[in-house]
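Colleague: So here's start-v4.cif (mmCIF, C-alpha atoms).
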```
data_data
loop_
_atom_site.label_atom_id
_atom_site.label_comp_id
_atom_site.auth_asym_id
_atom_site.auth_seq_id
_atom_site.Cartn_x
_atom_site.Cartn_y
_atom_site.Cartn_z
CA MET A 1 0.00 0.00 0.00
CA VAL A 2 2.85 2.39 0.90
CA ALA A 3 4.61 1.60 -2.40
CA ALA A 4 1.39 2.30 -4.30
CA ASP A 5 0.97 5.64 -2.47
CA ASN A 6 4.55 6.62 -3.30
CA LEU A 7 4.04 5.70 -6.96
CA GLN A 8 0.88 7.83 -7.08
CA LYS A 9 2.75 10.73 -5.48
CA MET A 10 5.57 10.45 -8.02
CA LYS A 11 3.03 10.49 -10.87
CA GLU A 12 1.36 13.59 -9.45
CA GLU A 13 4.71 15.37 -9.09
CA ALA A 14 5.66 14.44 -12.63
CA THR A 15 2.52 16.13 -13.96
CA PHE A 16 3.47 19.52 -12.46
CA ASN A 17 5.34 21.54 -15.08
CA LEU A 18 7.45 24.04 -13.15
CA VAL A 19 8.98 25.64 -16.27
CA ALA A 20 5.55 26.44 -17.71
CA TYR A 21 4.31 27.57 -14.28
CA LEU A 22 7.25 29.97 -13.78
CA LYS A 23 6.92 31.36 -17.31
CA GLU A 24 3.21 32.07 -16.86
CA ARG A 25 3.63 33.58 -13.37
CA GLN A 26 6.62 35.71 -14.39
CA LYS A 27 4.56 37.16 -17.25
CA LEU A 28 1.67 37.97 -14.89
CA CYS A 29 4.04 39.65 -12.43
CA GLU A 30 5.88 41.61 -15.14
CA THR A 31 2.59 42.99 -16.48
CA ALA A 32 1.38 43.96 -13.01
CA LEU A 33 4.70 45.62 -12.10
CA ASP A 34 4.81 47.55 -15.38
CA GLN A 35 1.30 48.89 -14.75
CA ALA A 36 1.99 49.66 -11.08
CA ILE A 37 4.46 52.52 -11.71
CA PRO A 38 3.71 54.81 -14.68
CA VAL A 39 6.17 57.58 -15.59
CA ILE A 40 4.87 60.97 -14.44
CA TYR A 41 6.51 64.22 -13.30
CA PRO A 42 9.28 64.31 -12.07
CA GLU A 43 10.09 61.70 -14.71
CA LYS A 44 13.65 60.99 -13.59
CA ILE A 45 12.67 59.31 -10.31
CA TYR A 46 9.96 57.14 -11.88
CA GLU A 47 12.31 56.14 -14.71
CA SER A 48 14.98 55.20 -12.15
CA MET A 49 12.49 53.15 -10.11
CA ARG A 50 11.25 51.38 -13.24
CA TYR A 51 14.80 50.82 -14.53
CA SER A 52 15.61 48.47 -11.66
CA LEU A 53 12.11 47.13 -11.02
CA LEU A 54 11.66 46.00 -14.64
CA ALA A 55 15.24 44.85 -15.24
CA GLY A 56 14.25 41.18 -15.25
CA GLY A 57 15.01 38.69 -12.52
CA LYS A 58 13.41 35.43 -11.49
CA ARG A 59 10.50 37.10 -9.62
CA VAL A 60 10.82 34.39 -6.96
CA ARG A 61 9.28 36.47 -4.15
CA PRO A 62 6.07 37.54 -5.92
CA ILE A 63 5.60 34.04 -7.35
CA LEU A 64 5.99 32.53 -3.87
CA CYS A 65 3.46 35.05 -2.56
CA LEU A 66 0.87 34.12 -5.22
CA ALA A 67 1.47 30.38 -4.71
CA ALA A 68 0.98 30.63 -0.94
CA CYS A 69 -2.26 32.55 -1.37
CA GLU A 70 -3.63 30.01 -3.85
CA MET A 71 -2.62 27.10 -1.62
CA MET A 72 -4.78 28.64 1.11
CA GLY A 73 -7.76 28.94 -1.23
CA GLY A 74 -7.22 32.56 -2.30
CA THR A 75 -6.83 33.95 -5.82
CA ILE A 76 -4.07 35.61 -7.83
CA GLN A 77 -6.10 38.84 -7.89
CA MET A 78 -6.27 38.92 -4.08
CA ALA A 79 -2.50 38.55 -3.66
CA MET A 80 -1.09 40.43 -6.67
CA PRO A 81 -0.76 43.83 -4.91
CA THR A 82 1.18 42.17 -2.07
CA ALA A 83 3.25 40.18 -4.59
CA CYS A 84 4.15 43.40 -6.47
CA ALA A 85 5.03 45.09 -3.18
CA MET A 86 7.45 42.26 -2.35
CA GLU A 87 9.25 42.76 -5.65
CA MET A 88 9.38 46.54 -5.12
CA LEU A 89 10.94 45.98 -1.69
CA HIS A 90 13.38 43.39 -3.03
CA THR A 91 14.39 45.81 -5.80
CA MET A 92 14.86 48.59 -3.24
CA SER A 93 17.22 46.34 -1.28
CA LEU A 94 19.23 45.58 -4.44
CA ILE A 95 19.53 49.24 -5.44
CA HIS A 96 20.78 50.17 -1.98
CA ASP A 97 22.96 47.06 -1.64
CA ASP A 98 24.81 47.93 -4.87
CA LEU A 99 25.72 51.47 -3.75
CA PRO A 100 29.40 52.36 -3.23
CA ALA A 101 28.85 52.71 0.55
CA MET A 102 27.47 49.16 0.72
CA ASP A 103 28.52 46.27 -1.59
CA ASN A 104 29.68 48.63 -4.37
CA ASP A 105 28.65 46.69 -7.48
CA ASP A 106 28.54 47.89 -11.08
CA TYR A 107 26.20 45.23 -12.49
CA ARG A 108 22.87 43.73 -11.51
CA ARG A 109 20.74 41.36 -13.62
CA GLY A 110 23.19 41.84 -16.47
CA LYS A 111 22.74 45.62 -16.57
CA LEU A 112 24.57 48.57 -15.06
CA THR A 113 23.41 49.15 -11.49
CA ASN A 114 21.02 52.00 -10.80
CA HIS A 115 23.61 54.38 -9.36
CA LYS A 116 25.85 53.84 -12.40
CA VAL A 117 23.05 55.08 -14.66
CA TYR A 118 21.30 57.71 -12.50
CA GLY A 119 23.94 58.61 -9.90
CA ASP A 120 24.11 57.78 -6.19
CA ASP A 121 21.61 60.49 -5.21
CA ILE A 122 18.78 59.36 -7.50
CA ALA A 123 19.51 55.68 -6.79
CA ILE A 124 19.06 56.26 -3.06
CA LEU A 125 15.81 58.14 -3.70
CA ALA A 126 14.58 55.46 -6.14
CA GLY A 127 15.03 52.86 -3.41
CA ASP A 128 13.23 55.13 -0.94
CA GLY A 129 10.44 55.67 -3.46
CA LEU A 130 9.94 51.93 -3.98
CA LEU A 131 9.99 51.32 -0.22
CA ALA A 132 7.26 53.86 0.49
CA TYR A 133 5.16 52.94 -2.54
CA ALA A 134 5.14 49.24 -1.64
CA PHE A 135 3.18 49.96 1.55
CA GLU A 136 0.83 52.35 -0.26
CA PHE A 137 0.26 49.77 -2.99
CA VAL A 138 -0.77 47.02 -0.55
CA ALA A 139 -3.07 49.40 1.36
CA THR A 140 -4.82 50.90 -1.68
CA GLN A 141 -4.78 48.15 -4.31
CA THR A 142 -5.67 44.99 -2.35
CA PRO A 143 -9.24 44.04 -3.35
CA GLU A 144 -12.04 44.61 -0.83
CA THR A 145 -12.65 40.85 -0.79
CA VAL A 146 -9.59 40.72 1.49
CA SER A 147 -10.48 41.93 4.99
CA ARG A 148 -8.77 45.07 6.28
CA GLU A 149 -7.55 42.99 9.23
CA ARG A 150 -5.57 40.78 6.85
CA VAL A 151 -4.19 43.82 5.01
CA LEU A 152 -3.06 45.28 8.34
CA GLN A 153 -1.31 42.01 9.22
CA VAL A 154 0.49 42.06 5.85
CA ILE A 155 1.66 45.66 6.30
CA SER A 156 2.86 44.89 9.85
CA ARG A 157 4.82 41.81 8.73
CA ILE A 158 6.42 43.64 5.80
CA GLY A 159 7.56 46.45 8.09
CA LYS A 160 9.18 44.01 10.52
CA ALA A 161 10.85 42.04 7.70
CA LEU A 162 12.46 45.20 6.35
CA GLY A 163 13.51 47.10 9.46
CA ALA A 164 16.22 46.70 12.07
CA ALA A 165 14.54 43.44 13.17
CA GLY A 166 14.90 42.11 9.62
CA LEU A 167 16.74 43.09 6.44
CA VAL A 168 18.34 46.27 7.81
CA GLY A 169 19.66 44.46 10.89
CA GLY A 170 21.10 41.67 8.76
CA GLN A 171 22.79 44.18 6.47
CA VAL A 172 24.39 46.00 9.43
CA VAL A 173 25.90 42.79 10.83
CA ASP A 174 27.01 41.82 7.30
CA LEU A 175 28.84 45.14 6.85
CA ASP A 176 30.42 44.83 10.31
CA SER A 177 31.63 41.31 9.46
CA GLU A 178 33.46 42.16 6.23
CA GLY A 179 37.15 41.29 6.32
CA LYS A 180 36.87 39.45 9.65
CA THR A 181 38.02 35.82 9.61
CA ASP A 182 36.57 34.78 12.97
CA ILE A 183 32.85 35.06 12.12
CA SER A 184 30.88 32.22 13.71
CA LEU A 185 28.22 30.10 12.04
CA GLU A 186 25.73 31.66 14.47
CA THR A 187 26.57 35.17 13.19
CA LEU A 188 26.47 34.02 9.57
CA ASN A 189 23.03 32.49 10.14
CA PHE A 190 21.86 35.72 11.80
CA ILE A 191 22.99 37.76 8.81
CA HIS A 192 21.20 35.64 6.25
CA ASN A 193 18.10 34.84 8.31
CA HIS A 194 17.59 38.60 8.45
CA LYS A 195 19.13 39.89 5.22
CA THR A 196 17.78 37.21 2.84
CA ALA A 197 15.28 34.92 4.52
CA ALA A 198 13.18 37.65 6.20
CA LEU A 199 11.80 39.04 2.94
CA LEU A 200 11.33 35.58 1.45
CA GLU A 201 9.43 34.59 4.58
CA ALA A 202 7.29 37.73 4.41
CA SER A 203 6.48 36.98 0.75
CA VAL A 204 5.23 33.48 1.55
CA VAL A 205 3.51 34.23 4.85
CA CYS A 206 1.81 37.41 3.61
CA GLY A 207 0.51 35.53 0.57
CA GLY A 208 -0.91 32.94 2.95
CA ILE A 209 -2.48 35.59 5.18
CA VAL A 210 -4.19 37.27 2.21
CA GLY A 211 -5.54 33.83 1.25
CA GLY A 212 -6.97 33.29 4.74
CA ALA A 213 -4.34 31.08 6.40
CA SER A 214 -5.03 29.98 9.98
CA ALA A 215 -2.49 30.72 12.73
CA GLU A 216 -1.29 27.11 12.51
CA ASN A 217 -0.82 27.33 8.73
CA VAL A 218 0.98 30.66 9.07
CA GLN A 219 3.49 28.80 11.28
CA ARG A 220 3.87 26.07 8.65
CA LEU A 221 4.47 28.68 5.94
CA SER A 222 6.94 30.47 8.21
CA ARG A 223 9.02 27.32 8.79
CA TYR A 224 8.87 26.43 5.09
CA SER A 225 10.11 29.87 4.05
CA GLN A 226 12.84 30.14 6.69
CA ASN A 227 14.27 26.89 5.37
CA ILE A 228 14.14 27.92 1.71
CA GLY A 229 15.50 31.37 2.59
CA LEU A 230 18.64 29.87 4.11
CA ALA A 231 18.94 27.37 1.24
CA PHE A 232 18.64 30.28 -1.22
CA GLN A 233 21.57 32.07 0.45
CA ILE A 234 23.76 28.95 0.58
CA ILE A 235 23.26 28.47 -3.18
CA ASP A 236 23.98 32.19 -3.73
CA ASP A 237 27.29 31.77 -1.87
CA ILE A 238 28.17 28.73 -3.98
CA LEU A 239 27.30 30.51 -7.24
CA ASP A 240 29.49 33.47 -6.28
CA ILE A 241 32.40 31.02 -6.45
CA THR A 242 31.35 28.72 -9.30
CA ALA A 243 29.33 30.88 -11.75
CA THR A 244 30.51 33.47 -14.28
CA GLN A 245 29.46 37.13 -14.38
CA GLU A 246 27.37 36.35 -17.47
CA GLN A 247 25.46 33.61 -15.60
CA LEU A 248 24.97 35.70 -12.47
CA GLY A 249 24.19 39.01 -14.16
CA LYS A 250 26.42 40.66 -11.53
CA THR A 251 30.09 40.62 -10.57
CA ALA A 252 31.27 37.10 -9.70
CA GLY A 253 33.77 36.28 -6.94
CA LYS A 254 32.94 39.37 -4.86
CA ASP A 255 32.71 37.44 -1.59
CA LEU A 256 36.30 36.20 -1.95
CA ILE A 257 37.57 39.68 -2.86
CA ALA A 258 35.75 41.24 0.12
CA LYS A 259 37.05 38.40 2.34
CA LYS A 260 33.54 37.57 3.43
CA ILE A 261 32.83 34.50 5.53
CA THR A 262 30.34 32.41 3.55
CA TYR A 263 28.82 28.94 3.91
CA PRO A 264 31.29 27.40 1.42
CA SER A 265 34.21 29.02 3.28
CA LEU A 266 33.01 27.33 6.49
CA TRP A 267 31.79 24.00 5.09
CA GLY A 268 33.20 23.62 1.58
CA ILE A 269 31.08 23.50 -1.58
CA GLU A 270 29.87 19.89 -1.39
CA GLU A 271 28.75 20.06 2.24
CA SER A 272 27.09 23.41 1.52
CA ARG A 273 25.10 21.82 -1.34
CA SER A 274 24.11 18.96 0.96
CA LYS A 275 22.94 21.37 3.69
CA ALA A 276 20.88 23.35 1.17
CA GLN A 277 19.23 20.14 -0.02
CA GLN A 278 18.41 19.13 3.57
CA LEU A 279 16.79 22.53 4.15
CA VAL A 280 14.67 22.17 1.01
CA GLU A 281 13.51 18.70 2.04
CA ALA A 282 12.57 20.01 5.50
CA ALA A 283 10.69 22.90 3.84
CA CYS A 284 8.69 20.56 1.60
CA LYS A 285 7.82 18.33 4.57
CA GLU A 286 6.11 21.29 6.25
CA LEU A 287 3.59 21.41 3.40
CA GLU A 288 2.76 17.69 3.08
CA THR A 289 -0.59 18.22 4.79
CA PHE A 290 -1.76 20.30 1.80
CA GLY A 291 -1.31 17.47 -0.73
CA ASN A 292 -1.42 18.50 -4.41
CA LEU A 293 -2.13 22.13 -3.50
CA ALA A 294 1.47 22.36 -2.22
CA GLN A 295 3.04 21.28 -5.53
CA PRO A 296 3.97 24.81 -6.72
CA LEU A 297 5.64 25.77 -3.40
CA GLN A 298 7.44 22.43 -3.16
CA ALA A 299 8.66 22.66 -6.76
CA LEU A 300 9.82 26.25 -6.15
CA ALA A 301 11.83 25.05 -3.14
CA HIS A 302 13.68 22.54 -5.33
CA PHE A 303 14.13 25.18 -8.05
CA ILE A 304 16.05 27.35 -5.56
CA THR A 305 18.74 24.69 -5.06
CA SER A 306 19.02 23.67 -8.72
CA ARG A 307 19.43 27.16 -10.23
CA ASN A 308 22.67 28.31 -11.84
CA HIS A 309 22.16 32.09 -11.49
#
```
Take the structure in the file and write it out as structure tokens.
Modeller:
Amino acid sequence: MVAADNLQKMKEEATFNLVAYLKERQKLCETALDQAIPVIYPEKIYESMRYSLLAGGKRVRPILCLAACEMMGGTIQMAMPTACAMEMLHTMSLIHDDLPAMDNDDYRRGKLTNHKVYGDDIAILAGDGLLAYAFEFVATQTPETVSRERVLQVISRIGKALGAAGLVGGQVVDLDSEGKTDISLETLNFIHNHKTAALLEASVVCGGIVGGASAENVQRLSRYSQNIGLAFQIIDDILDITATQEQLGKTAGKDLIAKKITYPSLWGIEESRSKAQQLVEAACKELETFGNLAQPLQALAHFITSRNH
């Protein structure tokens, strides 16, 4: 009986076409993002915001947000404003991260970074503009079919994920750790649980909340996303060593140049890959109770560890 159940599960998994799913969802997100920010006066700031927001990318965060909402019985329309907000916030973090005072990078997604095109001053303001607009967008564009209580929960979680208790705090510890060779695994985990995983977690959990997730299911989504967030960063660290600039769309080998402690520098590449895989398996296990409805989120978890850019 167990063998038969496993065979059925394998057949079901084989029928889910992740490539087609990602292509369709990316297109939906691109259209929504393009419509979200028109160019009006003063044109320069809107053009700068759009330059980075529409520069491509995998759109992992908005796609995770939509998938979580649908798994909970919600619709794409209910979650799309929150999904767009997540990509605006992610883009803000990239614009600011690339600045000379931070990671100082010239390329992002295969294009010149925002400050290289518009200057440091406009790049900073473009990031600020996206940050503020993301909250406005959730508050004003979420359909009335979603209760205001859920919208308030989403806004609260986004704020925490971005501030000193989340992304900003992780970035501060990351900057403080540069060039130091005695960084512990605990500190490294703190950096990436806050700098990378916090926004991924907010994307998944907020999608679930919009879709009506119970408190228990919010916890499941939280554990799932914390695991994939850390796996995502481990793979990023590996790719910084193994991938080319053309594959990454940004400067390769920067961690080594900056003498950053990374997961591969602590564990080696093979053990790092193994740890990432264990995290993905633990993430998928959290969603087993949802059966076929969890297929997109489970497939996305595996996609994170198999990517090459």
Colleague: Using only C-alpha atoms, tabulate the residues of range 178-221 of chain A lying at most 9 Å from any atom of range 259-265 of chain A, each with its closest atom pair and that distance in Å to one decimal, by chain and increasing residue number, as a tab-separated table.
Modeller:
```
residue	atom	partner	partner_atom	distance
A:Glu178	CA	A:Lys260	CA	5.4
A:Gly179	CA	A:Lys259	CA	4.9
A:Lys180	CA	A:Lys260	CA	7.3
A:Thr181	CA	A:Ile261	CA	6.7
A:Asp182	CA	A:Ile261	CA	8.3
A:Ile183	CA	A:Ile261	CA	6.6
A:Ser184	CA	A:Ile261	CA	8.7
A:Leu185	CA	A:Tyr263	CA	8.2
A:Leu188	CA	A:Thr262	CA	7.3
```
Colleague: Return as a short mmCIF file (atom, residue, chain, number, x, y, z; two decimals) with C-alpha atoms, in the coordinates of the input the set of residues that the PyMOL selection byres ((chain A and resi 207) around 12) yields on the displayed structure.
Modeller:
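Result file follows (result23.cif):
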```
data_model
loop_
_atom_site.label_atom_id
_atom_site.label_comp_id
_atom_site.auth_asym_id
_atom_site.auth_seq_id
_atom_site.Cartn_x
_atom_site.Cartn_y
_atom_site.Cartn_z
CA ARG A 61 9.28 36.47 -4.15
CA PRO A 62 6.07 37.54 -5.92
CA ILE A 63 5.60 34.04 -7.35
CA LEU A 64 5.99 32.53 -3.87
CA CYS A 65 3.46 35.05 -2.56
CA LEU A 66 0.87 34.12 -5.22
CA ALA A 67 1.47 30.38 -4.71
CA ALA A 68 0.98 30.63 -0.94
CA CYS A 69 -2.26 32.55 -1.37
CA GLU A 70 -3.63 30.01 -3.85
CA MET A 71 -2.62 27.10 -1.62
CA MET A 72 -4.78 28.64 1.11
CA GLY A 73 -7.76 28.94 -1.23
CA GLY A 74 -7.22 32.56 -2.30
CA THR A 75 -6.83 33.95 -5.82
CA ILE A 76 -4.07 35.61 -7.83
CA GLN A 77 -6.10 38.84 -7.89
CA MET A 78 -6.27 38.92 -4.08
CA ALA A 79 -2.50 38.55 -3.66
CA MET A 80 -1.09 40.43 -6.67
CA PRO A 81 -0.76 43.83 -4.91
CA THR A 82 1.18 42.17 -2.07
CA ALA A 83 3.25 40.18 -4.59
CA CYS A 84 4.15 43.40 -6.47
CA ALA A 85 5.03 45.09 -3.18
CA MET A 86 7.45 42.26 -2.35
CA VAL A 138 -0.77 47.02 -0.55
CA THR A 142 -5.67 44.99 -2.35
CA VAL A 146 -9.59 40.72 1.49
CA ARG A 150 -5.57 40.78 6.85
CA VAL A 151 -4.19 43.82 5.01
CA GLN A 153 -1.31 42.01 9.22
CA VAL A 154 0.49 42.06 5.85
CA ILE A 155 1.66 45.66 6.30
CA ARG A 157 4.82 41.81 8.73
CA ILE A 158 6.42 43.64 5.80
CA LEU A 200 11.33 35.58 1.45
CA GLU A 201 9.43 34.59 4.58
CA ALA A 202 7.29 37.73 4.41
CA SER A 203 6.48 36.98 0.75
CA VAL A 204 5.23 33.48 1.55
CA VAL A 205 3.51 34.23 4.85
CA CYS A 206 1.81 37.41 3.61
CA GLY A 208 -0.91 32.94 2.95
CA ILE A 209 -2.48 35.59 5.18
CA VAL A 210 -4.19 37.27 2.21
CA GLY A 211 -5.54 33.83 1.25
CA GLY A 212 -6.97 33.29 4.74
CA ALA A 213 -4.34 31.08 6.40
CA ASN A 217 -0.82 27.33 8.73
CA VAL A 218 0.98 30.66 9.07
CA LEU A 221 4.47 28.68 5.94
CA SER A 222 6.94 30.47 8.21
CA SER A 225 10.11 29.87 4.05
CA LEU A 297 5.64 25.77 -3.40
#
```
Colleague: List as a PyMOL selection string the protein and nucleic acid residues near range 275-288 of chain A, meaning an atom at most 8 Å away when all atoms listed in the file are counted, but skip any in the same chain fewer than 4 places from it.
Modeller: chain A and resi 220-221+223-225+227-228+230-232+234-235+271+294+297-298+301-302+305
Colleague: Between CA of Ala197 in chain A and CA of Ile122 in chain A, measure the distance and give it in Å to one decimal.
Modeller: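 Straight-line distance from CA of Ala197 in chain A to CA of Ile122 in chain A works out to 27.5 Å.
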Colleague: Can you tell me, as JSON, the centre and edge lengths (Å, one decimal) of the axis-aligned box enclosing all of range 27-31 of chain A's listed atoms after padding each side by 5 Å?
Modeller:
```
{"center_x": 3.8, "center_y": 40.1, "center_z": -14.8, "size_x": 14.2, "size_y": 15.8, "size_z": 14.8}
```
Colleague: Which is closest to Leu125 in chain A among A:Leu112, A:Met88, A:Leu162, A:Met49, if we use all atoms listed in the file?
Modeller: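 Smallest distance to Leu125 in chain A is found for A:Met49.
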Colleague: What's the separation between CA of His90 in chain A and CA of Phe190 in chain A, in Å to one decimal place?
Modeller: 18.7 Å
Colleague: Would you compute the distance between CA of Gly229 in chain A and CA of Phe303 in chain A? Give it in Å to one decimal.
Modeller: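 Taking CA of Gly229 in chain A and CA of Phe303 in chain A, their separation equals 12.4 Å.
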Colleague: As an mmCIF file with C-alpha atoms, in the frame of the given file, please: the residues near Arg50 in chain A (cut-off 9 Å, all atoms listed in the file, same-chain neighbours under 3 positions excluded).
Modeller:
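In the end it all went to out.cif:
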```cif
data_model
loop_
_atom_site.group_PDB
_atom_site.id
_atom_site.type_symbol
_atom_site.label_atom_id
_atom_site.label_comp_id
_atom_site.auth_asym_id
_atom_site.auth_seq_id
_atom_site.Cartn_x
_atom_site.Cartn_y
_atom_site.Cartn_z
ATOM 1 C CA LEU A 33 4.700 45.620 -12.100
ATOM 2 C CA ASP A 34 4.810 47.550 -15.380
ATOM 3 C CA ILE A 37 4.460 52.520 -11.710
ATOM 4 C CA PRO A 38 3.710 54.810 -14.680
ATOM 5 C CA VAL A 39 6.170 57.580 -15.590
ATOM 6 C CA ILE A 45 12.670 59.310 -10.310
ATOM 7 C CA TYR A 46 9.960 57.140 -11.880
ATOM 8 C CA GLU A 47 12.310 56.140 -14.710
ATOM 9 C CA LEU A 53 12.110 47.130 -11.020
ATOM 10 C CA LEU A 54 11.660 46.000 -14.640
ATOM 11 C CA ALA A 55 15.240 44.850 -15.240
ATOM 12 C CA ALA A 126 14.580 55.460 -6.140
#
```
Colleague: From the set A:Cys29, A:Thr15, A:Thr187, A:Ala36, which residue has the shortest atom-to-atom contact distance to Asn292 in chain A, counting only C-alpha atoms?
Modeller: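 Closest to Asn292 in chain A, using only C-alpha atoms: A:Thr15.
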Colleague: Which is closer to Ile124 in chain A than all the others in A:Gln219, A:Ser306, A:Ser274, A:Ser93, using only C-alpha atoms?
Modeller: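 Nearest candidate to Ile124 in chain A out of A:Gln219, A:Ser306, A:Ser274, A:Ser93: A:Ser93.
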Colleague: Kindly resolve the PyMOL selection byres ((chain A and resi 99) around 12) on the present coordinates and return the residues as number ranges by chain.
Modeller: A: 92-98, 100-108, 112-125, 127
Colleague: Please produce range 193-200 of chain A, completed to all heavy atoms, as a tab-separated table (two decimals), in the coordinates of the input.
Modeller:
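Contents of out.tsv, freshly written:
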```tsv
chain	number	residue	atom	x	y	z
A	193	ASN	N	19.50	34.98	7.88
A	193	ASN	CA	18.10	34.84	8.31
A	193	ASN	C	17.40	36.19	8.27
A	193	ASN	O	16.18	36.27	8.07
A	193	ASN	CB	18.01	34.26	9.72
A	193	ASN	CG	18.14	32.74	9.71
A	193	ASN	OD1	17.74	32.09	8.76
A	193	ASN	ND2	18.72	32.19	10.76
A	194	HIS	N	18.17	37.26	8.46
A	194	HIS	CA	17.59	38.60	8.45
A	194	HIS	C	17.71	39.27	7.07
A	194	HIS	O	16.74	39.84	6.57
A	194	HIS	CB	18.26	39.46	9.52
A	194	HIS	CG	17.92	39.03	10.91
A	194	HIS	ND1	18.45	37.88	11.46
A	194	HIS	CD2	17.09	39.55	11.84
A	194	HIS	CE1	17.96	37.73	12.69
A	194	HIS	NE2	17.13	38.72	12.94
A	195	LYS	N	18.88	39.16	6.48
A	195	LYS	CA	19.13	39.89	5.22
A	195	LYS	C	18.42	39.25	4.02
A	195	LYS	O	17.95	39.94	3.12
A	195	LYS	CB	20.64	39.95	4.97
A	195	LYS	CG	21.04	40.82	3.79
A	195	LYS	CD	22.55	40.84	3.61
A	195	LYS	CE	22.91	41.48	2.28
A	195	LYS	NZ	24.35	41.47	2.02
A	196	THR	N	18.36	37.92	3.99
A	196	THR	CA	17.78	37.21	2.84
A	196	THR	C	16.46	36.55	3.18
A	196	THR	O	15.46	36.75	2.50
A	196	THR	CB	18.77	36.15	2.32
A	196	THR	OG1	20.01	36.78	2.01
A	196	THR	CG2	18.23	35.47	1.07
A	197	ALA	N	16.46	35.75	4.23
A	197	ALA	CA	15.28	34.92	4.52
A	197	ALA	C	14.08	35.74	4.99
A	197	ALA	O	12.93	35.35	4.73
A	197	ALA	CB	15.63	33.86	5.58
A	198	ALA	N	14.31	36.88	5.64
A	198	ALA	CA	13.18	37.65	6.20
A	198	ALA	C	12.19	38.09	5.13
A	198	ALA	O	10.97	37.97	5.31
A	198	ALA	CB	13.70	38.86	6.97
A	199	LEU	N	12.71	38.58	4.00
A	199	LEU	CA	11.80	39.04	2.94
A	199	LEU	C	11.16	37.87	2.19
A	199	LEU	O	10.00	37.95	1.78
A	199	LEU	CB	12.55	39.96	1.96
A	199	LEU	CG	11.68	40.79	1.02
A	199	LEU	CD1	10.63	41.60	1.78
A	199	LEU	CD2	12.53	41.72	0.15
A	200	LEU	N	11.92	36.79	2.04
A	200	LEU	CA	11.33	35.58	1.45
A	200	LEU	C	10.19	35.06	2.34
A	200	LEU	O	9.12	34.70	1.85
A	200	LEU	CB	12.40	34.49	1.29
A	200	LEU	CG	13.16	34.42	-0.03
A	200	LEU	CD1	14.31	33.44	0.08
A	200	LEU	CD2	12.26	34.02	-1.19
```
